[in-house]
Every structure is written in structure tokens, then in C-alpha cells.
>>> print(open('input14.cif').read())   # mmCIF, C-alpha atoms, pLDDT in the B column; chains and numbers go by the auth columns
data_work
#
loop_
_atom_site.group_PDB
_atom_site.id
_atom_site.type_symbol
_atom_site.label_atom_id
_atom_site.label_comp_id
_atom_site.label_asym_id
_atom_site.label_seq_id
_atom_site.Cartn_x
_atom_site.Cartn_y
_atom_site.Cartn_z
_atom_site.B_iso_or_equiv
_atom_site.auth_seq_id
_atom_site.auth_asym_id
ATOM 1 C CA MET A 1 113.004 59.229 24.408 53.00 12 A
ATOM 2 C CA THR A 2 116.393 58.400 22.920 59.00 13 A
ATOM 3 C CA HIS A 3 119.363 56.895 24.698 66.00 14 A
ATOM 4 C CA ALA A 4 123.082 57.418 24.260 64.00 15 A
ATOM 5 C CA ASP A 5 124.866 55.151 21.814 75.00 16 A
ATOM 6 C CA GLN A 6 126.743 53.223 24.503 86.00 17 A
ATOM 7 C CA PHE A 7 123.499 51.806 25.910 94.00 18 A
ATOM 8 C CA PRO A 8 122.544 49.106 26.585 96.00 19 A
ATOM 9 C CA LEU A 9 125.852 48.422 28.291 96.00 20 A
ATOM 10 C CA VAL A 10 127.004 45.064 29.692 97.00 21 A
ATOM 11 C CA ARG A 11 129.601 45.148 32.479 96.00 22 A
ATOM 12 C CA ASN A 12 131.222 42.775 34.955 95.00 23 A
ATOM 13 C CA VAL A 13 130.249 43.197 38.602 95.00 24 A
ATOM 14 C CA GLY A 14 132.754 41.386 40.779 92.00 25 A
ATOM 15 C CA LEU A 15 133.628 37.745 40.223 94.00 26 A
ATOM 16 C CA ASP A 16 130.106 36.434 39.701 97.00 27 A
ATOM 17 C CA GLY A 17 127.927 39.260 38.385 98.00 28 A
ATOM 18 C CA MET A 18 126.911 41.037 35.184 97.00 29 A
ATOM 19 C CA LEU A 19 125.047 44.335 34.997 98.00 30 A
ATOM 20 C CA VAL A 20 123.035 45.344 31.923 98.00 31 A
ATOM 21 C CA THR A 21 122.398 49.098 32.002 98.00 32 A
ATOM 22 C CA PHE A 22 119.891 50.771 29.686 97.00 33 A
ATOM 23 C CA ALA A 23 120.542 54.453 30.517 96.00 34 A
ATOM 24 C CA ASP A 24 122.467 56.634 32.923 93.00 35 A
ATOM 25 C CA THR A 25 119.211 58.089 34.280 91.00 36 A
ATOM 26 C CA MET A 26 115.799 56.643 35.090 92.00 37 A
ATOM 27 C CA THR A 27 113.126 57.214 32.475 93.00 38 A
ATOM 28 C CA GLU A 28 109.919 55.318 31.806 94.00 39 A
ATOM 29 C CA THR A 29 111.564 53.600 28.843 95.00 40 A
ATOM 30 C CA SER A 30 114.854 52.704 30.560 96.00 41 A
ATOM 31 C CA ASN A 31 112.947 51.254 33.507 97.00 42 A
ATOM 32 C CA ARG A 32 110.634 49.383 31.130 97.00 43 A
ATOM 33 C CA ALA A 33 113.677 47.943 29.381 98.00 44 A
ATOM 34 C CA ALA A 34 115.262 46.801 32.646 98.00 45 A
ATOM 35 C CA LEU A 35 112.063 45.112 33.833 98.00 46 A
ATOM 36 C CA ALA A 36 111.288 43.471 30.494 98.00 47 A
ATOM 37 C CA PHE A 37 114.874 42.280 30.040 98.00 48 A
ATOM 38 C CA ARG A 38 114.957 40.754 33.514 97.00 49 A
ATOM 39 C CA GLY A 39 111.702 38.970 32.682 96.00 50 A
ATOM 40 C CA MET A 40 113.358 37.441 29.619 96.00 51 A
ATOM 41 C CA ILE A 41 116.443 36.479 31.664 95.00 52 A
ATOM 42 C CA GLU A 42 114.194 34.618 34.102 94.00 53 A
ATOM 43 C CA ALA A 43 112.356 32.880 31.272 93.00 54 A
ATOM 44 C CA GLU A 44 115.543 31.876 29.428 92.00 55 A
ATOM 45 C CA ARG A 45 117.944 31.429 32.369 90.00 56 A
ATOM 46 C CA PRO A 46 120.543 28.751 31.698 92.00 57 A
ATOM 47 C CA SER A 47 122.121 26.506 34.286 94.00 58 A
ATOM 48 C CA GLY A 48 124.506 28.539 36.400 96.00 59 A
ATOM 49 C CA VAL A 49 122.361 31.661 36.800 97.00 60 A
ATOM 50 C CA ILE A 50 121.761 32.021 40.538 97.00 61 A
ATOM 51 C CA GLU A 51 119.593 35.124 40.831 96.00 62 A
ATOM 52 C CA THR A 52 118.477 38.264 39.013 96.00 63 A
ATOM 53 C CA SER A 53 117.235 41.679 40.066 96.00 64 A
ATOM 54 C CA THR A 54 116.591 45.147 38.685 97.00 65 A
ATOM 55 C CA SER A 55 117.392 48.717 39.673 96.00 66 A
ATOM 56 C CA LEU A 56 115.871 51.868 38.192 96.00 67 A
ATOM 57 C CA ALA A 57 117.525 51.404 34.784 97.00 68 A
ATOM 58 C CA SER A 58 119.572 48.189 34.992 98.00 69 A
ATOM 59 C CA ALA A 59 119.193 44.427 35.249 98.00 70 A
ATOM 60 C CA TYR A 60 121.622 42.367 37.329 98.00 71 A
ATOM 61 C CA VAL A 61 122.578 38.711 36.936 98.00 72 A
ATOM 62 C CA ARG A 62 124.517 36.702 39.518 98.00 73 A
ATOM 63 C CA PHE A 63 125.930 33.425 38.237 98.00 74 A
ATOM 64 C CA ASP A 64 128.182 30.544 39.235 98.00 75 A
ATOM 65 C CA PRO A 65 131.461 30.921 37.273 97.00 76 A
ATOM 66 C CA GLY A 66 132.043 27.179 37.716 96.00 77 A
ATOM 67 C CA GLN A 67 128.978 26.463 35.581 97.00 78 A
ATOM 68 C CA LEU A 68 128.770 29.561 33.389 96.00 79 A
ATOM 69 C CA SER A 69 131.901 31.483 32.435 95.00 80 A
ATOM 70 C CA HIS A 70 132.052 35.258 32.148 94.00 81 A
ATOM 71 C CA VAL A 71 132.467 34.959 28.371 95.00 82 A
ATOM 72 C CA GLU A 72 129.469 32.628 28.101 96.00 83 A
ATOM 73 C CA CYS A 73 127.303 34.827 30.331 97.00 84 A
ATOM 74 C CA GLU A 74 128.202 37.992 28.448 96.00 85 A
ATOM 75 C CA GLY A 75 127.567 36.319 25.104 96.00 86 A
ATOM 76 C CA TRP A 76 124.164 35.065 26.276 96.00 87 A
ATOM 77 C CA LEU A 77 123.168 38.532 27.523 97.00 88 A
ATOM 78 C CA ASN A 78 124.253 40.197 24.271 97.00 89 A
ATOM 79 C CA ARG A 79 122.226 37.688 22.242 96.00 90 A
ATOM 80 C CA LEU A 80 119.153 38.512 24.333 96.00 91 A
ATOM 81 C CA LEU A 81 119.775 42.241 23.911 97.00 92 A
ATOM 82 C CA ALA A 82 119.850 41.845 20.136 96.00 93 A
ATOM 83 C CA ASP A 83 116.491 40.048 20.168 93.00 94 A
ATOM 84 C CA ARG A 84 114.282 43.191 20.259 95.00 95 A
ATOM 85 C CA ASP A 85 113.937 46.867 21.130 96.00 96 A
ATOM 86 C CA TRP A 86 113.844 46.534 24.899 97.00 97 A
ATOM 87 C CA TYR A 87 112.912 50.194 25.400 96.00 98 A
ATOM 88 C CA ALA A 88 109.562 49.447 23.760 96.00 99 A
ATOM 89 C CA ALA A 89 109.134 45.907 25.083 96.00 100 A
ATOM 90 C CA ARG A 90 106.078 44.655 26.924 95.00 101 A
ATOM 91 C CA LEU A 91 106.378 44.495 30.679 96.00 102 A
ATOM 92 C CA PRO A 92 106.467 41.016 32.268 92.00 103 A
ATOM 93 C CA LYS A 93 103.320 39.043 33.031 92.00 104 A
ATOM 94 C CA GLY A 94 101.964 38.537 36.537 93.00 105 A
ATOM 95 C CA ARG A 95 101.931 42.193 37.583 97.00 106 A
ATOM 96 C CA LYS A 96 99.323 43.660 39.955 98.00 107 A
ATOM 97 C CA PHE A 97 97.581 47.015 40.290 98.00 108 A
ATOM 98 C CA TRP A 98 97.151 48.198 43.892 98.00 109 A
ATOM 99 C CA ARG A 99 94.779 51.034 44.869 98.00 110 A
ATOM 100 C CA VAL A 100 95.906 52.028 48.364 98.00 111 A
ATOM 101 C CA PRO A 101 93.820 54.279 50.670 98.00 112 A
ATOM 102 C CA THR A 102 95.972 57.248 51.716 98.00 113 A
ATOM 103 C CA VAL A 103 95.601 60.263 53.981 98.00 114 A
ATOM 104 C CA TYR A 104 97.245 63.295 52.383 98.00 115 A
ATOM 105 C CA GLY A 105 98.427 66.049 54.681 98.00 116 A
ATOM 106 C CA THR A 106 97.064 66.602 58.221 98.00 117 A
ATOM 107 C CA ASP A 107 99.355 65.832 61.139 98.00 118 A
ATOM 108 C CA LEU A 108 99.759 62.300 59.727 98.00 119 A
ATOM 109 C CA ALA A 109 101.691 63.569 56.675 98.00 120 A
ATOM 110 C CA PRO A 110 102.825 67.052 57.651 97.00 121 A
ATOM 111 C CA GLN A 111 104.970 67.957 54.618 97.00 122 A
ATOM 112 C CA LEU A 112 102.249 67.942 51.965 98.00 123 A
ATOM 113 C CA GLU A 113 101.924 71.730 51.865 98.00 124 A
ATOM 114 C CA ASP A 114 105.687 72.153 51.602 97.00 125 A
ATOM 115 C CA ALA A 115 105.804 69.668 48.709 98.00 126 A
ATOM 116 C CA ALA A 116 102.867 71.398 46.991 98.00 127 A
ATOM 117 C CA ALA A 117 104.587 74.781 47.282 98.00 128 A
ATOM 118 C CA ALA A 118 107.807 73.334 45.845 97.00 129 A
ATOM 119 C CA ALA A 119 105.746 72.046 42.896 98.00 130 A
ATOM 120 C CA GLY A 120 104.049 75.426 42.427 98.00 131 A
ATOM 121 C CA LEU A 121 100.630 74.056 43.380 98.00 132 A
ATOM 122 C CA SER A 122 98.026 74.563 46.066 98.00 133 A
ATOM 123 C CA ALA A 123 97.694 71.740 48.570 98.00 134 A
ATOM 124 C CA SER A 124 94.304 70.733 47.155 98.00 135 A
ATOM 125 C CA ASP A 125 95.633 70.674 43.581 98.00 136 A
ATOM 126 C CA ALA A 126 98.615 68.593 44.693 98.00 137 A
ATOM 127 C CA VAL A 127 96.362 66.058 46.416 98.00 138 A
ATOM 128 C CA GLU A 128 94.095 65.804 43.369 98.00 139 A
ATOM 129 C CA ARG A 129 97.048 65.182 41.054 98.00 140 A
ATOM 130 C CA LEU A 130 98.885 62.795 43.358 98.00 141 A
ATOM 131 C CA ALA A 131 95.779 60.783 44.199 98.00 142 A
ATOM 132 C CA SER A 132 94.961 60.309 40.510 98.00 143 A
ATOM 133 C CA SER A 133 98.498 59.277 39.505 98.00 144 A
ATOM 134 C CA ARG A 134 99.011 55.644 38.531 98.00 145 A
ATOM 135 C CA VAL A 135 102.668 54.827 39.126 98.00 146 A
ATOM 136 C CA ARG A 136 104.910 51.826 38.549 98.00 147 A
ATOM 137 C CA VAL A 137 107.043 50.002 41.090 98.00 148 A
ATOM 138 C CA LEU A 138 110.300 51.020 39.450 98.00 149 A
ATOM 139 C CA THR A 139 112.507 49.028 41.798 97.00 150 A
ATOM 140 C CA ILE A 140 112.653 47.619 45.332 97.00 151 A
ATOM 141 C CA GLY A 141 115.455 48.879 47.530 94.00 152 A
ATOM 142 C CA PHE A 142 116.985 50.782 50.446 93.00 153 A
ATOM 143 C CA ALA A 143 114.974 48.688 52.929 95.00 154 A
ATOM 144 C CA PRO A 144 113.275 45.263 52.658 96.00 155 A
ATOM 145 C CA GLY A 145 110.303 45.361 50.302 97.00 156 A
ATOM 146 C CA GLN A 146 110.430 49.145 49.896 98.00 157 A
ATOM 147 C CA PRO A 147 109.305 50.423 46.478 98.00 158 A
ATOM 148 C CA TYR A 148 110.420 53.406 44.457 98.00 159 A
ATOM 149 C CA LEU A 149 107.387 54.476 42.408 98.00 160 A
ATOM 150 C CA GLY A 150 106.922 56.695 39.392 97.00 161 A
ATOM 151 C CA PRO A 151 107.433 58.535 37.288 95.00 162 A
ATOM 152 C CA LEU A 152 105.167 61.320 38.477 97.00 163 A
ATOM 153 C CA GLU A 153 104.370 64.335 36.314 96.00 164 A
ATOM 154 C CA PRO A 154 107.158 66.941 35.847 95.00 165 A
ATOM 155 C CA ALA A 155 105.670 69.354 38.402 97.00 166 A
ATOM 156 C CA PHE A 156 106.711 66.908 41.122 98.00 167 A
ATOM 157 C CA ASP A 157 110.361 66.871 40.101 97.00 168 A
ATOM 158 C CA ILE A 158 111.162 68.599 43.380 97.00 169 A
ATOM 159 C CA PRO A 159 114.463 68.284 45.262 95.00 170 A
ATOM 160 C CA ARG A 160 115.092 66.360 48.428 95.00 171 A
ATOM 161 C CA LEU A 161 115.049 68.220 51.725 95.00 172 A
ATOM 162 C CA LYS A 162 118.227 70.025 52.753 92.00 173 A
ATOM 163 C CA GLU A 163 117.912 68.533 56.243 93.00 174 A
ATOM 164 C CA LEU A 164 116.768 65.068 57.271 93.00 175 A
ATOM 165 C CA ASN A 165 113.229 64.481 58.411 91.00 176 A
ATOM 166 C CA PRO A 166 114.169 62.708 61.670 93.00 177 A
ATOM 167 C CA MET A 167 111.608 59.910 61.375 95.00 178 A
ATOM 168 C CA VAL A 168 108.639 58.808 59.278 97.00 179 A
ATOM 169 C CA PRO A 169 106.512 55.760 60.205 98.00 180 A
ATOM 170 C CA GLU A 170 105.853 52.515 58.386 98.00 181 A
ATOM 171 C CA GLY A 171 103.404 53.137 55.551 98.00 182 A
ATOM 172 C CA ALA A 172 104.569 56.717 54.986 98.00 183 A
ATOM 173 C CA LEU A 173 104.282 57.951 51.395 98.00 184 A
ATOM 174 C CA VAL A 174 107.126 60.361 50.642 98.00 185 A
ATOM 175 C CA LEU A 175 107.908 62.451 47.575 98.00 186 A
ATOM 176 C CA ALA A 176 110.900 63.849 45.678 95.00 187 A
ATOM 177 C CA ILE A 177 112.442 63.874 42.160 95.00 188 A
ATOM 178 C CA SER A 178 109.195 62.813 40.424 96.00 189 A
ATOM 179 C CA GLN A 179 108.924 59.658 42.519 97.00 190 A
ATOM 180 C CA PHE A 180 107.102 58.280 45.530 98.00 191 A
ATOM 181 C CA VAL A 181 108.668 55.983 48.094 98.00 192 A
ATOM 182 C CA LEU A 182 106.373 53.933 50.318 98.00 193 A
ATOM 183 C CA PHE A 183 108.289 53.227 53.517 98.00 194 A
ATOM 184 C CA SER A 184 108.480 49.664 54.778 97.00 195 A
ATOM 185 C CA GLY A 185 109.521 50.704 58.294 96.00 196 A
ATOM 186 C CA PRO A 186 110.172 53.765 60.438 97.00 197 A
ATOM 187 C CA THR A 187 113.277 55.629 59.307 95.00 198 A
ATOM 188 C CA PRO A 188 114.786 59.082 58.797 96.00 199 A
ATOM 189 C CA THR A 189 114.501 60.457 55.250 96.00 200 A
ATOM 190 C CA GLY A 190 115.395 63.413 53.092 96.00 201 A
ATOM 191 C CA TRP A 191 112.097 63.118 51.204 97.00 202 A
ATOM 192 C CA ARG A 192 108.863 64.976 52.024 98.00 203 A
ATOM 193 C CA HIS A 193 106.170 63.056 53.917 98.00 204 A
ATOM 194 C CA VAL A 194 102.988 63.778 51.924 98.00 205 A
ATOM 195 C CA GLY A 195 100.734 60.799 52.629 98.00 206 A
ATOM 196 C CA GLN A 196 100.102 58.086 55.192 98.00 207 A
ATOM 197 C CA THR A 197 98.829 54.568 54.578 98.00 208 A
ATOM 198 C CA ALA A 198 98.344 51.383 56.582 98.00 209 A
ATOM 199 C CA PHE A 199 100.160 49.376 53.880 98.00 210 A
ATOM 200 C CA ARG A 200 102.924 47.012 55.056 98.00 211 A
ATOM 201 C CA CYS A 201 105.465 46.468 52.278 98.00 212 A
ATOM 202 C CA PHE A 202 107.518 44.015 54.344 98.00 213 A
ATOM 203 C CA GLN A 203 105.873 41.291 56.420 97.00 214 A
ATOM 204 C CA PRO A 204 108.522 38.834 57.634 95.00 215 A
ATOM 205 C CA GLU A 205 105.844 36.679 59.257 94.00 216 A
ATOM 206 C CA ARG A 206 104.157 36.010 55.887 92.00 217 A
ATOM 207 C CA THR A 207 105.055 34.274 52.627 93.00 218 A
ATOM 208 C CA PRO A 208 105.939 36.058 50.430 93.00 219 A
ATOM 209 C CA THR A 209 107.527 38.595 52.765 97.00 220 A
ATOM 210 C CA PHE A 210 107.473 41.388 50.140 97.00 221 A
ATOM 211 C CA ALA A 211 104.008 42.590 49.112 97.00 222 A
ATOM 212 C CA LEU A 212 105.164 44.240 45.903 98.00 223 A
ATOM 213 C CA ASN A 213 107.240 43.316 42.864 96.00 224 A
ATOM 214 C CA PRO A 214 109.019 45.533 40.332 97.00 225 A
ATOM 215 C CA GLY A 215 106.559 46.278 37.540 97.00 226 A
ATOM 216 C CA ASP A 216 103.489 46.316 39.772 98.00 227 A
ATOM 217 C CA GLU A 217 101.441 49.520 39.586 98.00 228 A
ATOM 218 C CA MET A 218 99.915 51.594 42.383 98.00 229 A
ATOM 219 C CA GLN A 219 97.502 54.453 42.944 98.00 230 A
ATOM 220 C CA PHE A 220 97.224 56.212 46.300 98.00 231 A
ATOM 221 C CA VAL A 221 93.587 57.240 46.614 98.00 232 A
ATOM 222 C CA SER A 222 92.637 59.971 49.074 98.00 233 A
ATOM 223 C CA ILE A 223 90.742 59.145 52.283 98.00 234 A
ATOM 224 C CA THR A 224 90.144 60.855 55.632 98.00 235 A
ATOM 225 C CA PRO A 225 92.041 60.175 58.887 98.00 236 A
ATOM 226 C CA ASP A 226 88.908 58.567 60.347 98.00 237 A
ATOM 227 C CA GLU A 227 88.741 56.167 57.413 98.00 238 A
ATOM 228 C CA LEU A 228 92.389 55.266 57.921 98.00 239 A
ATOM 229 C CA ASP A 229 91.722 54.564 61.603 98.00 240 A
ATOM 230 C CA GLU A 230 88.923 52.195 60.589 98.00 241 A
ATOM 231 C CA ILE A 231 91.197 50.421 58.085 98.00 242 A
ATOM 232 C CA ARG A 232 93.832 49.932 60.787 98.00 243 A
ATOM 233 C CA THR A 233 91.347 48.108 63.027 98.00 244 A
ATOM 234 C CA ARG A 234 90.797 45.397 60.382 96.00 245 A
ATOM 235 C CA ASN A 235 94.165 45.269 58.624 97.00 246 A
ATOM 236 C CA GLU A 236 94.808 41.542 59.059 96.00 247 A
ATOM 237 C CA ASP A 237 96.460 41.105 55.660 96.00 248 A
ATOM 238 C CA GLY A 238 98.658 44.181 56.082 97.00 249 A
ATOM 239 C CA TYR A 239 97.562 45.635 52.746 98.00 250 A
ATOM 240 C CA GLY A 240 95.926 48.697 54.306 98.00 251 A
ATOM 241 C CA GLY A 241 92.553 48.272 52.621 98.00 252 A
ATOM 242 C CA ALA A 242 94.096 48.089 49.154 98.00 253 A
ATOM 243 C CA GLN A 243 92.047 46.933 46.183 98.00 254 A
ATOM 244 C CA ILE A 244 94.108 44.562 44.030 98.00 255 A
ATOM 245 C CA GLU A 245 93.700 43.700 40.347 97.00 256 A
ATOM 246 C CA GLU A 246 95.739 41.503 38.038 97.00 257 A
ATOM 247 C CA ILE A 247 97.211 43.473 35.140 96.00 258 A
ATOM 248 C CA GLU A 248 96.565 41.787 31.828 86.00 259 A
ATOM 249 C CA ALA A 249 99.639 41.481 29.621 67.00 260 A
#
>>> encode(input="input14.cif", output="C-alpha cells")
Amino acid sequence: MTHADQFPLVRNVGLDGMLVTFADTMTETSNRAALAFRGMIEAERPSGVIETSTSLASAYVRFDPGQLSHVECEGWLNRLLADRDWYAARLPKGRKFWRVPTVYGTDLAPQLEDAAAAAGLSASDAVERLASSRVRVLTIGFAPGQPYLGPLEPAFDIPRLKELNPMVPEGALVLAISQFVLFSGPTPTGWRHVGQTAFRCFQPERTPTFALNPGDEMQFVSITPDELDEIRTRNEDGYGGAQIEEIEA
């Protein structure tokens, strides 16, 4: 994958922010670059950097202009950018792999067949492919702790719905544009509801409140509705029966 000559691009964001953008669209390599670059920012952060975050293809830095000027911050970011090929960089340490039990289809996730048809697949083929896909937490957004996950294979580059799905529950796994979103709370959506989990992305009563971090990886393994009911009866940690492994750097 190649990227246009203007990338990476460093821009001001308001009075106290800088945005480093690696592409104008999300790809595996642009997301990798954003995550790896943010990891380096955190490791190298000088006095005056207040917080950092990532989106699908960018890294954001908020800083105190009284301690770190715009010129100094931009110069520091450009020196880090020149350090290596960020599109091929290693992802940060400390990531986790989550295998989350998921019911595909049934009345719990009623838009699986519609999503399969849009992908040109049978429902059973779609479940087999989706359940075997290992995806990355590309970014957290839209709602507290809510991950965008991917990229999925090209067959699942399907459009959003033309009309809103009026409500999906917490733990809903939805699909569009080669990505999953795992919903952290009940909400309307324009994405197709293909799976249902007992996973709670956002738990304000716990520390940390967000279960997932950008760069974590997930697989949504297929189970039956009865198995999901059993998981819900003993879901004290809110992880929905997930198996968790540390990812070695």
C-alpha cells in the first residue's frame, strides 16, 4: 500500500493541538502508523504534552502552549516522523487478544442474513468467515469505550443501511464498510446488527472504565443463544466469557 506524497501531514488543531495524519482513508498500514506513532509519542513525551489519542489514520497531541510552543511541538513531531517508516512500524507493547463468544443471527442479531446477501454470501458462509476473522481495535469513539474493528476481508465492504436501525442493545456486533463496531450501550445505528455478545466495553463502575485499547485484537467466535444465556448468568467481570491473551511484541 502506498500513500500520497503529502502524508504524513502535521497540522494545527485549535490553540493547543496537533494532528499527525498518515492517509486520507483507513488502511491497515495507515492505522498501524497512527497507533505506532502514538506509542512513540507516549514514550518520548516532553513536558507540556497533556494527552494523546488516535483515530483511524491519525494521531492527536494536546499540549500546554505555555510550556511547549506550537513551533517546538511541530518540530518534535517532525523529528519523530523522520525516525522510521511508520507504515511498517511495530505496534505498541501491552496489547491484548480477546476471543469473545458471539451469537450470529437469530432474533438476537436479526440483520445477519441481510449483511450476508449484501456481501454475496450465504448466511452460513458469512458466519464462518466473520467468526474466524481476527480484527484490530482501530480506534475508540462515538460512545465511551466503543471500538471500531477491522479491517475485514473485501467481501464485507458493504454500505451502511439507508434507514436507521432504531435501536441495538449493549454488546451488539454491527457491520459495514469492512469493519465491525461493538456497541458499548443501546443506540440507533445505520450499521447491520449481525452478532450479539455479553461484552461490556464501558464499565463506569470499574477501573479502568474502558475494557479495550486501540491496537488490541479481537475474534468473535460463534456460540448458540443458550450458551450466551449461560454466560450472562455469570458475567461478573463484564467481559462476556471472553478469553484474553497478552500479545507478544
>>> atom_distance(input="input14.cif", atom1="atom CA of A:Trp202", atom2="atom CA of A:Ala253")
23.5 Å
>>> resolve_selection(input="input14.cif", expression="the PyMOL selection byres ((chain A and resi 204) around 7)", output="ChimeraX atom specification")
/A:120-123,183-186,202-203,205-206
>>> residues_around(input="input14.cif", residues="A:Ser143", least_positions_apart="2", cutoff="8 Å", atoms="only C-alpha atoms", output="CSV table (one decimal) with C-alpha atoms, in the coordinates of the input")
chain,number,residue,atom,x,y,z
A,139,GLU,CA,94.1,65.8,43.4
A,140,ARG,CA,97.0,65.2,41.1
A,141,LEU,CA,98.9,62.8,43.4
A,145,ARG,CA,99.0,55.6,38.5
A,230,GLN,CA,97.5,54.5,42.9
A,231,PHE,CA,97.2,56.2,46.3
A,232,VAL,CA,93.6,57.2,46.6
>>> closest_residue(input="input14.cif", among="A:Thr208, A:Thr244, A:Thr150, A:Thr36", to="A:Leu223", atoms="all atoms listed in the file")
A:Thr150
>>> resolve_selection(input="input14.cif", expression="the PyMOL selection byres ((chain A and resi 81) around 9)", output="JSON, numbers by chain")
{"A": [23, 26, 27, 28, 29, 74, 76, 79, 80, 82, 83, 84, 85, 86]}
>>> axis_aligned_box(input="input14.cif", around="stretch 83-93 of chain A", padding_each_side="5 Å", output="lines of an AutoDock Vina configuration file")
center_x = 124.3
center_y = 37.4
center_z = 25.2
size_x = 20.3
size_y = 19.6
size_z = 20.2
>>> atom_distance(input="input14.cif", atom1="atom CA of A:Pro219", atom2="atom CA of A:Ala44")
25.4 Å
>>> closest_residue(input="input14.cif", among="A:Leu175, A:Ala45, A:Ile242, A:Ala130", to="A:Tyr98", atoms="all atoms listed in the file")
A:Ala45
>>> closest_residue(input="input14.cif", among="A:Gly249, A:Gly50, A:Gly59, A:Pro155", to="A:Leu102", atoms="all atoms listed in the file")
A:Gly50
>>> closest_residue(input="input14.cif", among="A:Ala129, A:Asp75, A:Trp97, A:Ala70", to="A:Arg22", atoms="only C-alpha atoms")
A:Ala70
>>> closest_residue(input="input14.cif", among="A:Phe194, A:Tyr71, A:Tyr115, A:Phe213", to="A:Glu53", atoms="only C-alpha atoms")
A:Tyr71
>>> atom_distance(input="input14.cif", atom1="atom CA of A:Phe33", atom2="atom CA of A:Met229")
23.7 Å
>>> resolve_selection(input="input14.cif", expression="the PyMOL selection byres ((chain A and resi 248) around 12)", output="NGL selection string")
:A and (209-214 or 216-220 or 222 or 242-247 or 249-254)
>>> write_last_selection(input="input14.cif", atoms="C-alpha atoms", output="mmCIF file, keeping the file's coordinate frame")
data_model
loop_
_atom_site.group_PDB
_atom_site.id
_atom_site.type_symbol
_atom_site.label_atom_id
_atom_site.label_comp_id
_atom_site.auth_asym_id
_atom_site.auth_seq_id
_atom_site.Cartn_x
_atom_site.Cartn_y
_atom_site.Cartn_z
ATOM 1 C CA ALA A 209 98.344 51.383 56.582
ATOM 2 C CA PHE A 210 100.160 49.376 53.880
ATOM 3 C CA ARG A 211 102.924 47.012 55.056
ATOM 4 C CA CYS A 212 105.465 46.468 52.278
ATOM 5 C CA PHE A 213 107.518 44.015 54.344
ATOM 6 C CA GLN A 214 105.873 41.291 56.420
ATOM 7 C CA GLU A 216 105.844 36.679 59.257
ATOM 8 C CA ARG A 217 104.157 36.010 55.887
ATOM 9 C CA THR A 218 105.055 34.274 52.627
ATOM 10 C CA PRO A 219 105.939 36.058 50.430
ATOM 11 C CA THR A 220 107.527 38.595 52.765
ATOM 12 C CA ALA A 222 104.008 42.590 49.112
ATOM 13 C CA ILE A 242 91.197 50.421 58.085
ATOM 14 C CA ARG A 243 93.832 49.932 60.787
ATOM 15 C CA THR A 244 91.347 48.108 63.027
ATOM 16 C CA ARG A 245 90.797 45.397 60.382
ATOM 17 C CA ASN A 246 94.165 45.269 58.624
ATOM 18 C CA GLU A 247 94.808 41.542 59.059
ATOM 19 C CA GLY A 249 98.658 44.181 56.082
ATOM 20 C CA TYR A 250 97.562 45.635 52.746
ATOM 21 C CA GLY A 251 95.926 48.697 54.306
ATOM 22 C CA GLY A 252 92.553 48.272 52.621
ATOM 23 C CA ALA A 253 94.096 48.089 49.154
ATOM 24 C CA GLN A 254 92.047 46.933 46.183
#
>>> closest_residue(input="input14.cif", among="A:Glu257, A:Asp16, A:Glu62, A:Asp118", to="A:Val179", atoms="only C-alpha atoms")
A:Asp118
>>> residues_near_point(input="input14.cif", point="(113.9, 37.0, 30.6)", cutoff="12 Å", atoms="all atoms listed in the file", output="JSON, numbers by chain")
{"A": [44, 45, 46, 47, 48, 49, 50, 51, 52, 53, 54, 55, 56, 57, 60, 62, 63, 64, 65, 70, 71, 72, 87, 88, 90, 91, 92, 94, 97, 100, 101, 102, 103, 104]}
>>> decode(input="input14.cif", residues="stretch 93-97 of chain A", atoms="all heavy atoms", output="CSV table (one decimal), in the first residue's frame")
chain,number,residue,atom,x,y,z
A,93,ALA,N,10.5,11.4,11.1
A,93,ALA,CA,11.7,11.1,10.3
A,93,ALA,C,12.5,9.9,10.9
A,93,ALA,O,13.4,9.5,10.2
A,93,ALA,CB,12.6,12.4,10.2
A,94,ASP,N,12.1,9.5,12.0
A,94,ASP,CA,12.9,8.4,12.7
A,94,ASP,C,12.8,7.1,12.0
A,94,ASP,O,13.7,6.3,12.0
A,94,ASP,CB,12.4,8.3,14.1
A,94,ASP,CG,13.2,7.3,14.9
A,94,ASP,OD1,14.4,7.5,15.2
A,94,ASP,OD2,12.6,6.2,15.3
A,95,ARG,N,11.6,6.8,11.3
A,95,ARG,CA,11.4,5.4,10.8
A,95,ARG,C,10.3,5.4,9.8
A,95,ARG,O,9.6,6.4,9.7
A,95,ARG,CB,11.2,4.4,11.8
A,95,ARG,CG,9.9,4.5,12.6
A,95,ARG,CD,9.8,3.7,13.8
A,95,ARG,NE,10.8,4.2,14.8
A,95,ARG,CZ,10.9,3.7,16.0
A,95,ARG,NH1,10.3,2.6,16.4
A,95,ARG,NH2,11.8,4.2,16.8
A,96,ASP,N,10.1,4.3,9.1
A,96,ASP,CA,8.9,4.1,8.3
A,96,ASP,C,7.7,3.7,9.2
A,96,ASP,O,7.6,2.5,9.5
A,96,ASP,CB,9.2,3.1,7.2
A,96,ASP,CG,8.0,2.8,6.3
A,96,ASP,OD1,6.9,3.4,6.5
A,96,ASP,OD2,8.1,1.8,5.5
A,97,TRP,N,6.9,4.6,9.5
A,97,TRP,CA,5.8,4.3,10.5
A,97,TRP,C,4.8,3.4,9.9
A,97,TRP,O,4.1,2.7,10.6
A,97,TRP,CB,5.2,5.6,11.0
A,97,TRP,CG,6.2,6.4,11.8
A,97,TRP,CD1,6.9,7.5,11.5
A,97,TRP,CD2,6.5,6.1,13.2
A,97,TRP,NE1,7.7,7.8,12.5
A,97,TRP,CE2,7.5,7.0,13.6
A,97,TRP,CE3,6.1,5.1,14.1
A,97,TRP,CZ2,8.0,7.0,14.9
A,97,TRP,CZ3,6.6,5.1,15.4
A,97,TRP,CH2,7.6,6.0,15.7
